[in-house]
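I have placed the structure first, in the form of structure tokens, so that the comments after it can refer back to it.
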Amino acid sequence: MSSPLNQLRSAVQMLALGASGSVRRRSEPGYDAWLCRARWNERDVDRRPDYIVRPRSVDDMIAVIRTCREHGLAVALRSGGHSFANAFIRRNGVLLDLSALRALTIDSQRKRAIVGPGVTSRDLSRALAPYGLGFATGHSGTVGLGGFLLGGGLGINFGQWGPMSAFHIKALDVVTADGVLRRASAEENSDLFWAARGGGPMVFFAAVSFELECHAAPAAITARSLRLPLTRLADTLRSVERTEPDPRLQVMLAVIASDESVAQQAPPREVALTTLAFAESITTASDLHASIIDRLLPWALAPASEEHATGFTALHDHGDATFGAGRYLADNILTDHAERAAEILIAHLPSLPSLATLPIFIWRGSPSLPDGAFSARGRWYFSTYARWSDANEDEVNQKWLRSLYDDLQPIASHCYINEFDLEYRSREVARCFSEAAWQRLRELKQRHDPAGVFHDLAF
Ligand SMILES: Cc1cc2nc3c(=O)[nH]c(=O)nc-3n(C[C@H](O)[C@H](O)[C@H](O)COP(=O)(O)OP(=O)(O)OC[C@H]3O[C@@H](n4cnc5c(N)ncnc54)[C@H](O)[C@@H]3O)c2cc1C
């Protein structure tokens, strides 16, 4: 009798998932190339699924899930492959790659978009633009909507449209652990709907389509920036906090290595503050920028940039350029203690191994959160994207980031699951949720997937 794995292979081949090319077994030629292409992150991991399967239709996908269930093979899901932790790459079992599910329909009358999990942020913004509509997609254009939405999604213009993109899922279609396609919304299968709004890698189903509520695009989207010395980071954070930015203004502070630092191979000494206004008019946008920037001018290293018009395409281009190819590890906290976070960061900068690493503070404020698994609070989002290029430097960079975020834990209110260091902190995932939401997620996982058809979070 053939082994369970061979049976799986025969089953999915019989489904004609694409005669050559939609299934790869670990021992087959081409497997490594497939796994490598599945990762946006150049950093490899030592985990290897037994199979990589790329269904082209929901029916094929259901057949794969049923086969996996029958043979006790755990399923891991991938949409856009942008997880910094490579969370979709698990040991053994099946990697079910849904990137080919890229259907995209706009219902402009109802301001709705129906998107498959493989649709990217840029795809959606581009499809909505002709109708004068927008959605809080990921900042980089390549970010997959599947994982982005399920984990919460801190998207473009989150202050005005937010607080998190997942709260704009009006309904979704999922395949549950019993291999059945189900609709989930506030009225139907409401537990699944609740989990989809922020459960991230904790969800216990495969999402195959999302119905999203979109918004009228702002008439004026403009940007400004200001360079400040690192010694003023804490003062700047305090000033922004006291101003309580208008929700139409996105305020971000990145700690960067200037050309001079790079030339000297010295730690970063500058802060780049960026303000993005999403307003009804240019006049309002200008006022919004001024509300933050004017107060900071006395500390600036140079005059503020002129206000310039931008938009979703330019923002996606900028995001894609900022997060270029490289080996990455990310971690984050949500905190009400940004000044202390700045002090802790500054103490770690002298030992920073790579000047390509990017620490970013983003103002979130205290928005009220609708009901959903996303329940993380904290007025500031402080994330750091460790980035390097040489595999020999994996260890030193990982150690640096993990030591920084170990020191930050005491001041964290919560963490954001989509950029959480799931590999190192897989036992700490509860930090990403309120206690009640975490308990409910665990109970729902137990109820809807008792046999563990979908991988749990043990890496
Ligand atoms: C360059 C870059 C820019 C980013 N910008 C932003 C940003 O602006 N805002 C923000 O909030 N985040 C951002 N992120 C983080 C991003 O939200 C996560 O990486 C997210 O997981 C990306 O979605 P994905 O579809 O590519 O996920 P994948 O890497 O494909 O999957 C990640 C995990 O999500 C789950 N999952 C994925 N698809 C499904 C599915 N169909 N059904 C069930 N579970 C599924 C699985 O558990 C999987 O392990 C960025 C990441 C990168 C690399």
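Letters for chains follow the order of the structure tokens (A, B, ...), residue numbers begin at 1 for each chain, and ligand numbers begin at 1 in the order shown.
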Enumerate, in order of chain and increasing residue number, the residues of chain A with an atom no farther than 6 Å from ligand 1, each with its shortest atom pair and distance in Å to one decimal, counting only C-alpha atoms and all ligand atoms, as JSON lines.
```
{"residue": "A:Leu77", "atom": "CA", "partner": "ligand 1", "partner_atom_place_in_ligand_line": "46 (C)", "distance": 4.7}
{"residue": "A:Arg78", "atom": "CA", "partner": "ligand 1", "partner_atom_place_in_ligand_line": "30 (O)", "distance": 3.6}
{"residue": "A:Ser79", "atom": "CA", "partner": "ligand 1", "partner_atom_place_in_ligand_line": "30 (O)", "distance": 3.6}
{"residue": "A:Gly80", "atom": "CA", "partner": "ligand 1", "partner_atom_place_in_ligand_line": "26 (O)", "distance": 3.2}
{"residue": "A:Gly81", "atom": "CA", "partner": "ligand 1", "partner_atom_place_in_ligand_line": "29 (O)", "distance": 3.4}
{"residue": "A:His82", "atom": "CA", "partner": "ligand 1", "partner_atom_place_in_ligand_line": "26 (O)", "distance": 3.6}
{"residue": "A:Ser83", "atom": "CA", "partner": "ligand 1", "partner_atom_place_in_ligand_line": "19 (O)", "distance": 3.5}
{"residue": "A:Phe84", "atom": "CA", "partner": "ligand 1", "partner_atom_place_in_ligand_line": "19 (O)", "distance": 5.6}
{"residue": "A:Ala87", "atom": "CA", "partner": "ligand 1", "partner_atom_place_in_ligand_line": "49 (O)", "distance": 4.0}
{"residue": "A:Phe88", "atom": "CA", "partner": "ligand 1", "partner_atom_place_in_ligand_line": "49 (O)", "distance": 3.5}
{"residue": "A:Pro117", "atom": "CA", "partner": "ligand 1", "partner_atom_place_in_ligand_line": "41 (N)", "distance": 5.1}
{"residue": "A:Gly138", "atom": "CA", "partner": "ligand 1", "partner_atom_place_in_ligand_line": "8 (O)", "distance": 3.7}
{"residue": "A:His139", "atom": "CA", "partner": "ligand 1", "partner_atom_place_in_ligand_line": "8 (O)", "distance": 3.8}
{"residue": "A:Ser140", "atom": "CA", "partner": "ligand 1", "partner_atom_place_in_ligand_line": "3 (C)", "distance": 4.8}
{"residue": "A:Val143", "atom": "CA", "partner": "ligand 1", "partner_atom_place_in_ligand_line": "26 (O)", "distance": 5.3}
{"residue": "A:Gly144", "atom": "CA", "partner": "ligand 1", "partner_atom_place_in_ligand_line": "25 (O)", "distance": 3.7}
{"residue": "A:Leu145", "atom": "CA", "partner": "ligand 1", "partner_atom_place_in_ligand_line": "25 (O)", "distance": 5.1}
{"residue": "A:Gly146", "atom": "CA", "partner": "ligand 1", "partner_atom_place_in_ligand_line": "25 (O)", "distance": 4.1}
{"residue": "A:Gly147", "atom": "CA", "partner": "ligand 1", "partner_atom_place_in_ligand_line": "23 (O)", "distance": 3.3}
{"residue": "A:Phe148", "atom": "CA", "partner": "ligand 1", "partner_atom_place_in_ligand_line": "17 (O)", "distance": 3.7}
{"residue": "A:Gly153", "atom": "CA", "partner": "ligand 1", "partner_atom_place_in_ligand_line": "11 (O)", "distance": 3.7}
{"residue": "A:Leu154", "atom": "CA", "partner": "ligand 1", "partner_atom_place_in_ligand_line": "11 (O)", "distance": 3.6}
{"residue": "A:Gly155", "atom": "CA", "partner": "ligand 1", "partner_atom_place_in_ligand_line": "9 (N)", "distance": 4.9}
{"residue": "A:Gly200", "atom": "CA", "partner": "ligand 1", "partner_atom_place_in_ligand_line": "34 (O)", "distance": 5.6}
{"residue": "A:Pro201", "atom": "CA", "partner": "ligand 1", "partner_atom_place_in_ligand_line": "47 (O)", "distance": 3.3}
{"residue": "A:Phe205", "atom": "CA", "partner": "ligand 1", "partner_atom_place_in_ligand_line": "43 (C)", "distance": 5.7}
{"residue": "A:Ala206", "atom": "CA", "partner": "ligand 1", "partner_atom_place_in_ligand_line": "42 (N)", "distance": 3.6}
{"residue": "A:Ala207", "atom": "CA", "partner": "ligand 1", "partner_atom_place_in_ligand_line": "42 (N)", "distance": 3.9}
{"residue": "A:Val208", "atom": "CA", "partner": "ligand 1", "partner_atom_place_in_ligand_line": "41 (N)", "distance": 5.7}
{"residue": "A:Phe323", "atom": "CA", "partner": "ligand 1", "partner_atom_place_in_ligand_line": "1 (C)", "distance": 5.0}
{"residue": "A:Asn418", "atom": "CA", "partner": "ligand 1", "partner_atom_place_in_ligand_line": "18 (C)", "distance": 4.8}
{"residue": "A:Glu419", "atom": "CA", "partner": "ligand 1", "partner_atom_place_in_ligand_line": "15 (C)", "distance": 5.5}
```
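Using only C-alpha atoms, the protein and nucleic acid residues lying no more than 12 Å from Glu435 (chain A), apart from those fewer than 3 places from it along its own chain, are Ala373, Phe374, Ser375, Ala376, Arg377, Ser413, His414, Val429, Ala430, Arg431, Cys432, Trp438, Gln439, Arg440, Leu441 and Arg442 of chain A.
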Shell around Leu96 (chain A) at 9 Å using only C-alpha atoms, local window under 6 positions removed, as a ChimeraX atom specification = /A:51-55,61,64-65,75-79,88
Compile a residue-level contact table for region 334-371 of chain A against region 177-199 of chain A at a cut-off of 12 Å, reporting for every qualifying residue the shortest atom pair and its distance in Å to one decimal, with only C-alpha atoms counted, rows ordered by chain and ascending number, as JSON lines.
```
{"residue": "A:Leu369", "atom": "CA", "partner": "A:Arg197", "partner_atom": "CA", "distance": 10.9}
{"residue": "A:Pro370", "atom": "CA", "partner": "A:Arg197", "partner_atom": "CA", "distance": 9.5}
{"residue": "A:Asp371", "atom": "CA", "partner": "A:Trp194", "partner_atom": "CA", "distance": 7.1}
```
So which bits of region 259-361 of chain A end up strand (DSSP E or B) when you DSSP the backbone, as a ChimeraX atom specification?
-> /A:270-279,308-309,327-335,358-361
Put those residues in a file: C-alpha atoms, as a CSV table (one decimal), in the first residue's frame.
```
chain,number,residue,atom,x,y,z
A,270,GLU,CA,18.8,61.0,12.4
A,271,VAL,CA,15.0,60.8,12.4
A,272,ALA,CA,12.9,61.3,9.3
A,273,LEU,CA,9.4,62.5,10.2
A,274,THR,CA,6.8,62.0,7.5
A,275,THR,CA,3.3,63.4,7.6
A,276,LEU,CA,0.7,62.2,5.1
A,277,ALA,CA,-2.6,64.1,4.8
A,278,PHE,CA,-5.8,62.6,3.4
A,279,ALA,CA,-8.1,65.6,3.2
A,308,HIS,CA,3.8,67.5,-2.5
A,309,ALA,CA,0.8,65.7,-4.0
A,327,ARG,CA,16.9,39.2,4.6
A,328,TYR,CA,14.4,40.5,7.1
A,329,LEU,CA,13.2,39.9,10.6
A,330,ALA,CA,10.6,42.2,12.2
A,331,ASP,CA,9.1,42.7,15.6
A,332,ASN,CA,7.0,45.4,17.2
A,333,ILE,CA,5.2,46.6,20.3
A,334,LEU,CA,2.1,48.8,20.7
A,335,THR,CA,2.8,51.1,23.6
A,358,LEU,CA,14.6,50.5,10.0
A,359,PRO,CA,13.0,51.3,13.3
A,360,ILE,CA,9.6,53.1,12.8
A,361,PHE,CA,7.2,54.8,15.2
```
Give the helix (DSSP H, G or I) residues of region 22-184 of chain A, as DSSP finds them on the backbone, and put them as an NGL selection string.
-> :A and (31-38 or 58-71 or 121-131 or 145-150 or 158-161 or 165-168)
Which is closer to Ala219 (chain A) than all the others in A:Asn86, A:Thr310, A:Gln446, A:Ser291, using only C-alpha atoms?
-> A:Thr310
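The two atoms in question, CA of Glu393 (chain A) and CA of Arg90 (chain A), are spaced 23.0 Å apart.
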